[in-house]
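Undergrad: entry.txt is reproduced below (compact mmCIF, C-alpha atoms).
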```txt
# COMPACT_ATOMS: atom_id res chain seq x y z
CA MET E 1 55.03 43.12 -85.50
CA ASN E 2 52.67 40.95 -87.50
CA ASN E 3 49.88 39.22 -85.62
CA HIS E 4 51.16 35.82 -86.64
CA THR E 5 54.52 34.49 -87.83
CA LYS E 6 55.99 31.14 -88.78
CA ALA E 7 59.33 29.56 -87.98
CA SER E 8 61.21 26.31 -88.41
CA PHE E 9 62.72 26.58 -84.93
CA VAL E 10 61.65 28.55 -81.88
CA VAL E 11 64.07 28.85 -78.96
CA ILE E 12 62.55 29.90 -75.63
CA GLY E 13 64.90 31.40 -73.04
CA ALA E 14 68.12 33.39 -73.26
CA GLY E 15 70.51 31.84 -70.75
CA PRO E 16 73.83 30.13 -71.54
CA ALA E 17 72.15 26.97 -72.87
CA ALA E 18 69.98 28.96 -75.30
CA LEU E 19 73.05 30.78 -76.63
CA CYS E 20 74.71 27.42 -77.29
CA ALA E 21 71.61 26.08 -79.05
CA LEU E 22 71.17 29.14 -81.27
CA ALA E 23 74.81 29.26 -82.31
CA LYS E 24 74.74 25.56 -83.15
CA LEU E 25 71.56 25.90 -85.22
CA LEU E 26 73.28 28.55 -87.32
CA GLU E 27 76.41 26.43 -87.66
CA ILE E 28 74.52 23.38 -88.95
CA GLY E 29 72.92 25.45 -91.67
CA ILE E 30 69.60 26.62 -90.27
CA HIS E 31 69.13 30.09 -91.77
CA ALA E 32 68.68 32.92 -89.29
CA ASN E 33 65.26 33.83 -90.69
CA GLU E 34 64.04 30.31 -89.93
CA ILE E 35 64.58 30.86 -86.21
CA THR E 36 62.55 32.89 -83.72
CA TRP E 37 63.97 33.60 -80.28
CA ILE E 38 61.74 34.46 -77.31
CA ASP E 39 62.69 35.87 -73.90
CA PRO E 40 61.35 38.67 -71.67
CA GLU E 41 64.72 40.37 -71.12
CA PHE E 42 67.59 38.87 -73.16
CA LYS E 43 69.98 39.38 -70.23
CA VAL E 44 71.51 35.87 -70.23
CA GLY E 45 68.71 34.55 -68.01
CA ASP E 46 69.18 34.40 -64.25
CA PHE E 47 72.89 33.83 -64.90
CA GLY E 48 73.31 37.38 -66.18
CA SER E 49 70.69 39.06 -64.00
CA LYS E 50 69.67 37.68 -60.58
CA LEU E 51 72.96 35.85 -60.03
CA SER E 52 75.19 38.68 -61.30
CA VAL E 53 73.97 41.51 -59.07
CA GLY E 54 76.22 43.09 -56.43
CA SER E 55 79.38 41.08 -55.85
CA SER E 56 77.80 38.27 -57.91
CA VAL E 57 77.73 34.52 -57.31
CA PRO E 58 81.22 32.98 -57.32
CA GLY E 59 81.44 30.49 -60.14
CA ASN E 60 82.53 26.87 -60.08
CA THR E 61 83.63 26.68 -63.73
CA SER E 62 87.14 27.39 -64.98
CA VAL E 63 87.80 30.44 -67.12
CA ALA E 64 89.15 28.08 -69.79
CA SER E 65 85.75 26.43 -70.16
CA TYR E 66 84.01 29.77 -70.72
CA GLN E 67 86.71 30.94 -73.13
CA ARG E 68 86.48 27.74 -75.17
CA VAL E 69 82.75 28.11 -75.79
CA ASN E 70 82.92 31.86 -76.40
CA LYS E 71 85.63 31.41 -79.04
CA ALA E 72 83.62 28.68 -80.78
CA ILE E 73 80.55 30.92 -80.95
CA TYR E 74 82.57 33.97 -82.08
CA LYS E 75 83.85 31.84 -84.97
CA ILE E 76 80.33 30.82 -85.98
CA LEU E 77 79.12 34.44 -85.85
CA VAL E 78 82.28 35.70 -87.59
CA VAL E 79 82.79 38.48 -85.05
CA HIS E 80 85.82 40.06 -83.40
CA PRO E 81 84.66 41.01 -79.90
CA PRO E 82 86.35 43.50 -77.60
CA LEU E 83 88.47 42.16 -74.77
CA PHE E 84 86.43 41.32 -71.68
CA GLU E 85 87.67 40.96 -68.14
CA ILE E 86 87.49 37.18 -68.43
CA ASP E 87 89.96 37.28 -71.34
CA ASN E 88 92.65 38.67 -69.03
CA LEU E 89 92.26 35.91 -66.43
CA ALA E 90 94.37 32.77 -66.21
CA PRO E 91 92.58 29.76 -67.81
CA ASP E 92 92.65 27.68 -64.64
CA VAL E 93 91.09 30.24 -62.29
CA ILE E 94 87.42 30.48 -61.26
CA CYS E 95 85.60 33.76 -61.88
CA SER E 96 82.29 35.25 -60.76
CA LEU E 97 79.16 34.79 -62.86
CA LYS E 98 79.09 38.54 -63.50
CA ILE E 99 82.47 38.36 -65.25
CA ALA E 100 81.44 35.24 -67.18
CA ALA E 101 78.18 36.86 -68.30
CA GLU E 102 79.81 39.85 -70.03
CA PRO E 103 80.84 38.05 -73.24
CA MET E 104 77.57 36.11 -73.19
CA GLN E 105 75.69 39.42 -73.26
CA TYR E 106 77.81 40.46 -76.25
CA ILE E 107 76.92 37.16 -77.97
CA THR E 108 73.26 37.84 -77.18
CA HIS E 109 73.41 41.22 -78.95
CA GLU E 110 75.13 39.67 -81.96
CA LEU E 111 72.58 36.86 -82.22
CA ARG E 112 69.71 39.36 -82.02
CA LYS E 113 71.16 41.20 -85.02
CA ARG E 114 70.71 38.02 -87.04
CA ILE E 115 67.73 36.21 -85.53
CA ILE E 116 64.18 37.47 -85.14
CA SER E 117 63.63 37.97 -81.41
CA ILE E 118 60.49 38.69 -79.42
CA GLU E 119 60.53 40.15 -75.91
CA GLY E 120 57.87 38.38 -73.88
CA TYR E 121 56.85 35.32 -71.89
CA VAL E 122 55.61 32.14 -73.55
CA THR E 123 52.43 31.27 -71.69
CA GLN E 124 51.31 28.20 -73.58
CA ILE E 125 52.17 25.87 -76.45
CA GLN E 126 49.58 23.83 -78.31
CA THR E 127 50.20 21.14 -80.89
CA VAL E 128 47.96 21.57 -83.93
CA ALA E 129 48.47 19.10 -86.75
CA SER E 130 52.25 19.02 -87.33
CA GLU E 131 52.95 22.44 -85.85
CA PHE E 132 53.24 24.17 -82.52
CA LYS E 133 51.04 27.18 -81.84
CA ILE E 134 52.84 29.42 -79.36
CA GLU E 135 51.25 32.19 -77.30
CA ILE E 136 53.51 34.99 -76.07
CA LYS E 137 52.57 37.61 -73.50
CA LEU E 138 54.28 40.89 -74.36
CA SER E 139 55.36 43.62 -71.94
CA ASN E 140 52.26 45.70 -72.75
CA ASN E 141 50.04 42.75 -71.69
CA THR E 142 48.97 42.00 -75.24
CA PHE E 143 49.46 38.58 -76.81
CA HIS E 144 51.37 37.56 -79.90
CA HIS E 145 51.06 34.18 -81.62
CA ILE E 146 53.49 32.28 -83.81
CA SER E 147 53.66 28.83 -85.37
CA SER E 148 56.74 26.63 -85.50
CA LYS E 149 57.76 23.18 -86.65
CA ARG E 150 60.16 22.72 -83.73
CA VAL E 151 60.57 24.20 -80.26
CA ILE E 152 63.64 24.15 -78.01
CA ILE E 153 62.82 25.04 -74.39
CA ALA E 154 65.68 26.58 -72.40
CA THR E 155 63.69 28.35 -69.69
CA GLY E 156 65.90 27.39 -66.77
CA SER E 157 65.25 26.56 -63.15
CA HIS E 158 64.95 28.21 -59.76
CA PRO E 159 65.86 27.02 -56.25
CA ARG E 160 63.47 24.40 -54.92
CA SER E 161 61.35 25.79 -52.10
CA ILE E 162 60.18 24.19 -48.87
CA THR E 163 57.26 24.71 -46.49
CA LEU E 164 58.01 24.67 -42.79
CA ALA E 165 55.63 23.18 -40.25
CA LYS E 166 53.16 25.47 -38.48
CA GLN E 167 55.12 25.41 -35.23
CA HIS E 168 57.98 27.12 -37.08
CA LYS E 169 55.94 29.90 -38.66
CA SER E 170 58.09 32.52 -36.88
CA ILE E 171 61.20 31.30 -38.71
CA LYS E 172 61.87 33.33 -41.83
CA LEU E 173 62.90 31.59 -45.04
CA ILE E 174 65.72 33.27 -46.94
CA ASP E 175 65.87 33.27 -50.74
CA PRO E 176 68.92 31.07 -51.44
CA ASN E 177 70.17 33.53 -54.06
CA ILE E 178 70.67 36.10 -51.28
CA THR E 179 73.08 33.79 -49.46
CA PHE E 180 74.96 32.99 -52.67
CA ILE E 181 75.99 36.65 -53.16
CA GLU E 182 78.10 38.19 -50.39
CA SER E 183 77.01 41.79 -50.98
CA GLU E 184 73.31 40.84 -51.01
CA LEU E 185 73.71 38.79 -47.85
CA LYS E 186 75.46 41.69 -46.11
CA LYS E 187 72.52 43.99 -46.92
CA PHE E 188 70.01 41.36 -45.80
CA LEU E 189 71.72 40.76 -42.45
CA ALA E 190 71.95 44.51 -41.82
CA GLU E 191 68.16 44.68 -42.16
CA GLN E 192 67.54 41.54 -40.06
CA GLN E 193 68.93 42.39 -36.66
CA ASN E 194 67.71 39.11 -35.13
CA ALA E 195 69.39 36.79 -37.66
CA HIS E 196 71.45 35.01 -34.99
CA THR E 197 71.23 31.35 -35.99
CA ILE E 198 70.41 30.21 -39.51
CA ALA E 199 69.57 26.71 -40.68
CA VAL E 200 71.13 25.60 -43.97
CA ILE E 201 69.31 22.64 -45.46
CA GLY E 202 71.24 20.62 -48.03
CA SER E 203 74.58 19.07 -48.90
CA SER E 204 75.12 20.37 -52.44
CA HIS E 205 77.59 22.93 -53.76
CA SER E 206 74.86 25.55 -53.26
CA ALA E 207 74.42 24.54 -49.62
CA ALA E 208 78.17 24.73 -49.04
CA LEU E 209 78.28 28.17 -50.68
CA ALA E 210 75.40 29.42 -48.50
CA ALA E 211 77.05 28.05 -45.34
CA MET E 212 80.41 29.59 -46.28
CA HIS E 213 78.99 33.08 -46.79
CA LEU E 214 76.87 32.92 -43.64
CA LEU E 215 79.76 31.75 -41.49
CA GLN E 216 82.09 34.37 -42.95
CA ALA E 217 79.43 36.96 -42.09
CA GLY E 218 79.61 35.88 -38.44
CA VAL E 219 76.34 33.96 -38.28
CA THR E 220 75.86 30.68 -36.41
CA VAL E 221 74.87 27.94 -38.85
CA HIS E 222 73.04 24.69 -38.12
CA GLN E 223 73.29 22.53 -41.21
CA PHE E 224 70.95 19.65 -42.00
CA MET E 225 72.42 17.14 -44.46
CA ASN E 226 71.46 13.71 -45.74
CA LYS E 227 74.82 12.83 -47.30
CA ASP E 228 78.46 13.81 -47.17
CA TYR E 229 79.84 16.50 -49.42
CA LYS E 230 81.52 15.38 -52.63
CA TYR E 231 84.54 17.20 -54.02
CA ALA E 232 85.37 17.45 -57.69
CA ALA E 233 88.83 16.01 -58.32
CA PRO E 234 91.05 15.63 -61.40
CA CYS E 235 91.70 11.96 -62.22
CA ILE E 236 93.28 9.78 -64.89
CA SER E 237 91.41 6.73 -66.19
CA PRO E 238 93.17 3.36 -66.58
CA GLU E 239 93.40 4.20 -70.29
CA GLY E 240 95.24 7.42 -69.51
CA ILE E 241 92.28 9.74 -70.20
CA PRO E 242 92.09 12.78 -67.90
CA TYR E 243 88.69 13.52 -66.37
CA THR E 244 87.14 15.15 -63.32
CA MET E 245 85.43 12.91 -60.80
CA TYR E 246 82.16 14.39 -59.52
CA ASP E 247 82.51 17.12 -62.12
CA ASN E 248 78.79 17.97 -62.00
CA THR E 249 78.00 17.25 -58.35
CA GLY E 250 81.17 17.96 -56.41
CA LEU E 251 82.35 21.12 -54.67
CA LYS E 252 84.91 23.21 -56.55
CA GLY E 253 87.07 26.29 -56.22
CA GLU E 254 87.02 28.44 -53.10
CA VAL E 255 83.87 26.72 -51.81
CA ALA E 256 85.65 23.34 -51.82
CA LYS E 257 88.77 24.79 -50.19
CA PHE E 258 86.77 26.53 -47.45
CA THR E 259 84.53 23.54 -46.77
CA LYS E 260 87.36 21.02 -46.54
CA LYS E 261 89.11 23.14 -43.93
CA LEU E 262 85.85 23.81 -42.12
CA ILE E 263 85.03 20.11 -41.80
CA SER E 264 88.60 19.28 -40.78
CA ASP E 265 88.64 22.01 -38.13
CA LEU E 266 85.25 20.92 -36.79
CA GLN E 267 86.48 17.35 -36.43
CA GLU E 268 89.53 18.59 -34.55
CA ASN E 269 87.40 20.95 -32.43
CA LYS E 270 89.38 24.03 -33.49
CA SER E 271 87.03 25.77 -35.90
CA ILE E 272 86.73 29.56 -35.60
CA TYR E 273 83.16 29.29 -36.92
CA GLN E 274 79.91 28.40 -35.16
CA HIS E 275 78.88 25.62 -37.52
CA LYS E 276 76.98 22.57 -36.31
CA ILE E 277 76.17 19.52 -38.40
CA LYS E 278 75.30 17.16 -35.60
CA TYR E 279 72.16 16.11 -37.46
CA HIS E 280 74.29 14.82 -40.31
CA MET E 281 73.62 11.69 -42.37
CA GLY E 282 69.93 10.99 -42.29
CA LYS E 283 69.21 8.08 -44.63
CA ASN E 284 66.99 10.10 -46.92
CA THR E 285 65.34 13.47 -47.38
CA GLU E 286 62.41 12.55 -45.13
CA ASP E 287 64.81 11.76 -42.28
CA VAL E 288 66.48 15.12 -42.68
CA PHE E 289 63.16 16.97 -42.61
CA HIS E 290 62.12 15.01 -39.51
CA LEU E 291 65.34 16.10 -37.81
CA LEU E 292 64.77 19.59 -39.11
CA GLU E 293 61.29 19.87 -37.63
CA ASN E 294 62.53 18.62 -34.25
CA ASN E 295 65.53 20.93 -34.04
CA LEU E 296 64.66 24.08 -35.95
CA HIS E 297 63.35 25.92 -32.88
CA VAL E 298 66.84 27.26 -32.11
CA CYS E 299 67.03 29.03 -35.49
CA SER E 300 65.73 32.47 -36.45
CA HIS E 301 65.98 31.91 -40.21
CA ALA E 302 66.40 29.05 -42.67
CA VAL E 303 67.69 28.66 -46.21
CA ALA E 304 66.98 25.60 -48.34
CA ALA E 305 69.67 24.65 -50.87
CA ILE E 306 68.14 21.36 -51.92
CA GLY E 307 68.42 21.61 -55.66
CA TYR E 308 66.49 23.27 -58.43
CA GLU E 309 63.11 22.84 -60.03
CA ILE E 310 61.86 23.71 -63.49
CA THR E 311 60.58 27.22 -64.01
CA ASP E 312 56.90 26.48 -64.69
CA SER E 313 55.73 29.63 -66.45
CA LEU E 314 54.28 27.86 -69.49
CA SER E 315 51.96 24.98 -70.27
CA ILE E 316 52.07 22.49 -73.12
CA ASN E 317 48.73 21.21 -74.40
CA ASN E 318 47.20 22.56 -71.18
CA ASN E 319 49.61 20.58 -69.00
CA PRO E 320 52.27 22.30 -66.86
CA ILE E 321 55.79 21.91 -68.17
CA THR E 322 56.75 20.43 -64.81
CA ASP E 323 54.72 17.34 -65.71
CA MET E 324 56.68 16.74 -68.92
CA THR E 325 59.27 13.98 -69.30
CA TYR E 326 62.13 13.95 -71.76
CA ASN E 327 64.76 11.61 -73.19
CA LYS E 328 67.92 12.37 -71.23
CA LEU E 329 70.16 11.38 -74.12
CA THR E 330 68.52 13.18 -77.05
CA LEU E 331 66.65 15.83 -74.97
CA GLU E 332 63.43 15.05 -76.90
CA PHE E 333 60.10 15.30 -75.10
CA ASP E 334 57.34 12.76 -75.64
CA ILE E 335 55.81 15.23 -78.09
CA PRO E 336 57.67 15.00 -81.44
CA MET E 337 59.83 18.01 -82.38
CA LEU E 338 59.74 19.43 -78.84
CA TYR E 339 63.12 19.59 -77.13
CA GLY E 340 64.66 20.77 -73.89
CA ILE E 341 68.13 21.97 -72.97
CA GLY E 342 69.90 23.66 -70.08
CA ILE E 343 69.74 23.37 -66.31
CA ALA E 344 66.05 22.37 -66.39
CA PHE E 345 66.50 19.69 -69.07
CA PRO E 346 70.13 18.55 -69.03
CA GLN E 347 71.65 15.48 -70.59
CA GLU E 348 72.48 12.70 -68.18
CA LEU E 349 75.87 11.23 -68.93
CA LYS E 350 77.91 8.40 -67.45
CA ALA E 351 81.31 9.63 -66.36
CA ILE E 352 84.50 7.64 -66.89
CA SER E 353 84.43 6.83 -63.19
CA GLY E 354 80.96 5.31 -63.55
CA GLU E 355 78.71 7.85 -61.83
CA VAL E 356 75.73 9.20 -63.78
CA GLU E 357 75.47 12.99 -63.56
CA SER E 358 73.48 15.80 -65.12
CA ALA E 359 75.63 17.78 -67.57
CA VAL E 360 75.11 21.36 -66.35
CA GLY E 361 77.25 24.37 -67.19
CA TYR E 362 78.19 26.50 -70.19
CA GLY E 363 80.91 24.11 -71.38
CA LYS E 364 78.68 21.08 -70.90
CA PHE E 365 75.77 22.72 -72.72
CA TRP E 366 78.12 23.31 -75.64
CA THR E 367 79.18 19.67 -75.53
CA SER E 368 75.50 18.68 -75.53
CA VAL E 369 74.60 20.72 -78.62
CA ASN E 370 77.54 19.10 -80.42
CA ASP E 371 76.30 15.62 -79.49
CA LYS E 372 75.26 13.65 -82.58
CA ASN E 373 72.20 12.25 -80.76
CA ILE E 374 70.87 15.75 -80.12
CA LEU E 375 71.76 17.15 -83.55
CA ASP E 376 70.08 14.19 -85.25
CA ALA E 377 66.96 14.80 -83.16
CA TRP E 378 66.89 18.51 -84.06
CA LYS E 379 67.32 17.80 -87.77
CA LYS E 380 64.83 14.94 -87.88
CA ASN E 381 62.59 15.41 -90.94
CA TYR E 382 64.00 18.92 -91.41
CA LYS E 383 63.68 20.31 -94.92
CA LYS E 384 64.45 23.76 -96.21
CA GLN E 385 60.81 24.23 -97.15
CA ASP E 386 60.03 24.23 -93.42
CA LYS E 387 61.16 27.84 -93.61
CA GLY E 388 58.35 30.22 -92.75
CA ASN E 389 57.63 33.69 -93.98
CA HIS E 390 58.11 36.20 -91.15
```
Would you write out, as structure tokens, the structure that this file holds?
TA:
Amino acid sequence: MNNHTKASFVVIGAGPAALCALAKLLEIGIHANEITWIDPEFKVGDFGSKLSVGSSVPGNTSVASYQRVNKAIYKILVVHPPLFEIDNLAPDVICSLKIAAEPMQYITHELRKRIISIEGYVTQIQTVASEFKIEIKLSNNTFHHISSKRVIIATGSHPRSITLAKQHKSIKLIDPNITFIESELKKFLAEQQNAHTIAVIGSSHSAALAAMHLLQAGVTVHQFMNKDYKYAAPCISPEGIPYTMYDNTGLKGEVAKFTKKLISDLQENKSIYQHKIKYHMGKNTEDVFHLLENNLHVCSHAVAAIGYEITDSLSINNNPITDMTYNKLTLEFDIPMLYGIGIAFPQELKAISGEVESAVGYGKFWTSVNDKNILDAWKKNYKKQDKGNH
């Protein structure tokens, strides 16, 4: 590897959003040798690694959505992949992330055959004149540097953490990912003999998934929520256009089915599960945490499923990436030619029903990279002579 290389585009991250971005760059005519791709593992991000271990996280996206994007990318790459498990599933079913990740890993291998890729972590990005200077920490703890005209950041997110008050220092916080995967939760509970009552904090799909797995494992759950659950539902607009209400924020699949019955049974006082949400409907997050602090003493453990925060492993012009703001239509940062995409930097779109939601998911990332606003931003001032010599 040369000490220094140049590129027209650098893509950082290797999750589903990065795959969409790379395939689209190739489709719009950016030559493969103009692109450099950086990731420490190239295992489809957390989607294909942390969330696909054991029995894997159950998905909330239809098989049809995955198949649609995969087929579009296969066409761009001109490949004829083997049949994967997902290809034998009915289009309207929901599959695990492990199953969904298999063709994405195949796409990753195919992209790496075409695009220069570097295994490592981007530690910092500096703007110098009209270029970005990018520092990459390699696995052997040495550093590699490249320059690029444009950078697309698809580094993802991780569950937002909380800090409990001192009086609750004996309560153990559980990594949310453990509760999302049944096999991992089973192992955890076998090692934690005193996990009798667990607090679930949140009212998102993730919180419902955590509560479902804990209750099915025989644990008593005290859930702290600041709003009612929403459920994704197929609808038809007045103009006859089909759409899904609460497509990005509502519960789906088995989680929705389980939770609806759970809530109904609780209201009728006939639930087979020990699930209490008597602290339901605080006006805001602060109210919920106040209730939490006053009532957590009955719990041995707690899991916070209160959303995600940006993975902050890199800095830009000596500022943490978490301090950066971006245009939620074009995905451009305040710094020209710097872009985001994916779960950390999603588009915000207004649904037919009127709600504004973040467009998160493989199918939605593909829709984003086909959005004229984003493509125009990527191609702004692009010329073939941008091409660097690797």
Undergrad: Using only C-alpha atoms, what table do you get, as a Markdown table, when you list each residue of region 241-281 of chain E with an atom no more than 9 Å from region 205-213 of chain E, its nearest pair of atoms, and their distance in Å rounded to one decimal, rows by chain then rising number?
TA:
```
| residue | atom | partner | partner_atom | distance |
| --- | --- | --- | --- | --- |
| E:Thr249 | CA | E:His205 | CA | 7.3 |
| E:Gly250 | CA | E:His205 | CA | 6.7 |
| E:Leu251 | CA | E:His205 | CA | 5.2 |
| E:Lys252 | CA | E:His205 | CA | 7.8 |
| E:Val255 | CA | E:Leu209 | CA | 5.9 |
| E:Ala256 | CA | E:Ala208 | CA | 8.1 |
| E:Phe258 | CA | E:Met212 | CA | 7.2 |
| E:Thr259 | CA | E:Ala208 | CA | 6.9 |
| E:Leu262 | CA | E:Met212 | CA | 9.0 |
| E:His275 | CA | E:Ala211 | CA | 8.4 |
```
Undergrad: So, with only C-alpha atoms as the atoms that count, which of E:Ile201, E:Leu77, E:Ala17, E:Val221 lies closest to Arg160 (chain E)?
TA: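 Using only C-alpha atoms, the shortest distance to Arg160 (chain E) belongs to E:Ile201.
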Undergrad: For a quick check of understanding, using only C-alpha atoms, which of E:Thr61, E:Gln223, E:Thr5, E:Asn177 has the smallest distance to Ser161 (chain E)?
TA: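 Smallest separation from Ser161 (chain E) among the options: E:Asn177.
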Undergrad: For a test of reading the model, state the distance in Å between CA of His301 (chain E) and CA of Ala199 (chain E), rounded to one decimal.
TA: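 Separation of CA of His301 (chain E) and CA of Ala199 (chain E): 6.3 Å.
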Undergrad: May I ask which of the residues E:Thr322, E:Ser300, E:Ser52, E:Gln124 is the closest one to His145 (chain E), counting only C-alpha atoms?
TA: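 Nearest to His145 (chain E): E:Gln124.
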Undergrad: How many Å separate CA of Ala195 (chain E) from CA of Thr179 (chain E)?
TA: 12.7 Å
Undergrad: From the set E:Glu131, E:Glu110, E:Glu119, E:Glu239, which residue has the shortest atom-to-atom contact distance to Leu22 (chain E), counting all atoms listed in the file?
TA: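 Distance minimum relative to Leu22 (chain E) lands on E:Glu110.
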Undergrad: Ser55 (chain E): which residues within 10 Å, counting only C-alpha atoms, same-chain residues fewer than 6 positions away excluded, as a PyMOL selection string?
TA: chain E and resi 96-98+180-184
Undergrad: Only C-alpha atoms, please: the residues just picked out, written as a compact mmCIF listing (two decimals), in the coordinates of the input.
TA:
```txt
# COMPACT_ATOMS: atom_id res chain seq x y z
CA SER E 96 82.29 35.25 -60.76
CA LEU E 97 79.16 34.79 -62.86
CA LYS E 98 79.09 38.54 -63.50
CA PHE E 180 74.96 32.99 -52.67
CA ILE E 181 75.99 36.65 -53.16
CA GLU E 182 78.10 38.19 -50.39
CA SER E 183 77.01 41.79 -50.98
CA GLU E 184 73.31 40.84 -51.01
```
Undergrad: Work out how far CA of Ile107 (chain E) is from CA of Asn70 (chain E), in Å to one decimal.
TA: 8.2 Å
Undergrad: Choose the residue, out of E:Ala100, E:Val128, E:Val200, E:Leu331, that has the smallest atom-to-atom separation from Trp378 (chain E); count all atoms listed in the file.
TA: E:Leu331
Undergrad: Just checking: using all atoms listed in the file, which residue out of E:Ala351, E:Leu89, E:Ala302, E:Ala21 ends up closest to Lys172 (chain E)?
TA: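 Looking at the shortest contact to Lys172 (chain E), the residue is E:Ala302.
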Undergrad: May I have the residues within 7 Å of region 305-318 of chain E as a ChimeraX atom specification, using all atoms listed in the file and disregarding those fewer than 3 positions away in the same chain?
TA: /E:122-127,155-160,176,201-202,206-207,321-322,344
Undergrad: Centre and edge lengths, as AutoDock Vina command-line options, for the axis-aligned box enclosing every listed atom of region 140-148 of chain E with 8 Å of padding on each of the six sides, in Å to one decimal?
TA:
```
--center_x 52.9 --center_y 36.2 --center_z -78.6 --size_x 23.8 --size_y 35.1 --size_z 29.8
```
Undergrad: I'd like the contact shell of Phe84 (chain E) - 8 Å cut-off, only C-alpha atoms, skipping same-chain residues fewer than 3 positions apart - returned as number ranges by chain.
TA: E: 87-88, 102-103
Undergrad: Please, which residues are within 7 Å of (86.3, 17.0, -51.6) by the file's coordinates, counting all atoms listed in the file, and could they come as an MDAnalysis selection string?
TA: chainID E and resid 229:232 251 256 260
Undergrad: Would you list the contacts of Val356 (chain E) as a PyMOL selection string, taking every protein, DNA or RNA residue within 12 Å and counting only C-alpha atoms, but skipping same-chain residues closer than 2 positions in sequence?
TA: chain E and resi 245-249+328-329+347-354+358-359
Undergrad: Just C-alpha atoms for this one: save the residues we selected as a PDB file, in the coordinates of the input.
TA:
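And here is the file that came out, selection-v3.pdb:
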```
ATOM      1  CA  MET E 245      85.430  12.910 -60.800  1.00  0.00           C
ATOM      2  CA  TYR E 246      82.160  14.390 -59.520  1.00  0.00           C
ATOM      3  CA  ASP E 247      82.510  17.120 -62.120  1.00  0.00           C
ATOM      4  CA  ASN E 248      78.790  17.970 -62.000  1.00  0.00           C
ATOM      5  CA  THR E 249      78.000  17.250 -58.350  1.00  0.00           C
ATOM      6  CA  LYS E 328      67.920  12.370 -71.230  1.00  0.00           C
ATOM      7  CA  LEU E 329      70.160  11.380 -74.120  1.00  0.00           C
ATOM      8  CA  GLN E 347      71.650  15.480 -70.590  1.00  0.00           C
ATOM      9  CA  GLU E 348      72.480  12.700 -68.180  1.00  0.00           C
ATOM     10  CA  LEU E 349      75.870  11.230 -68.930  1.00  0.00           C
ATOM     11  CA  LYS E 350      77.910   8.400 -67.450  1.00  0.00           C
ATOM     12  CA  ALA E 351      81.310   9.630 -66.360  1.00  0.00           C
ATOM     13  CA  ILE E 352      84.500   7.640 -66.890  1.00  0.00           C
ATOM     14  CA  SER E 353      84.430   6.830 -63.190  1.00  0.00           C
ATOM     15  CA  GLY E 354      80.960   5.310 -63.550  1.00  0.00           C
ATOM     16  CA  SER E 358      73.480  15.800 -65.120  1.00  0.00           C
ATOM     17  CA  ALA E 359      75.630  17.780 -67.570  1.00  0.00           C
TER      18      ALA E 359
END
```
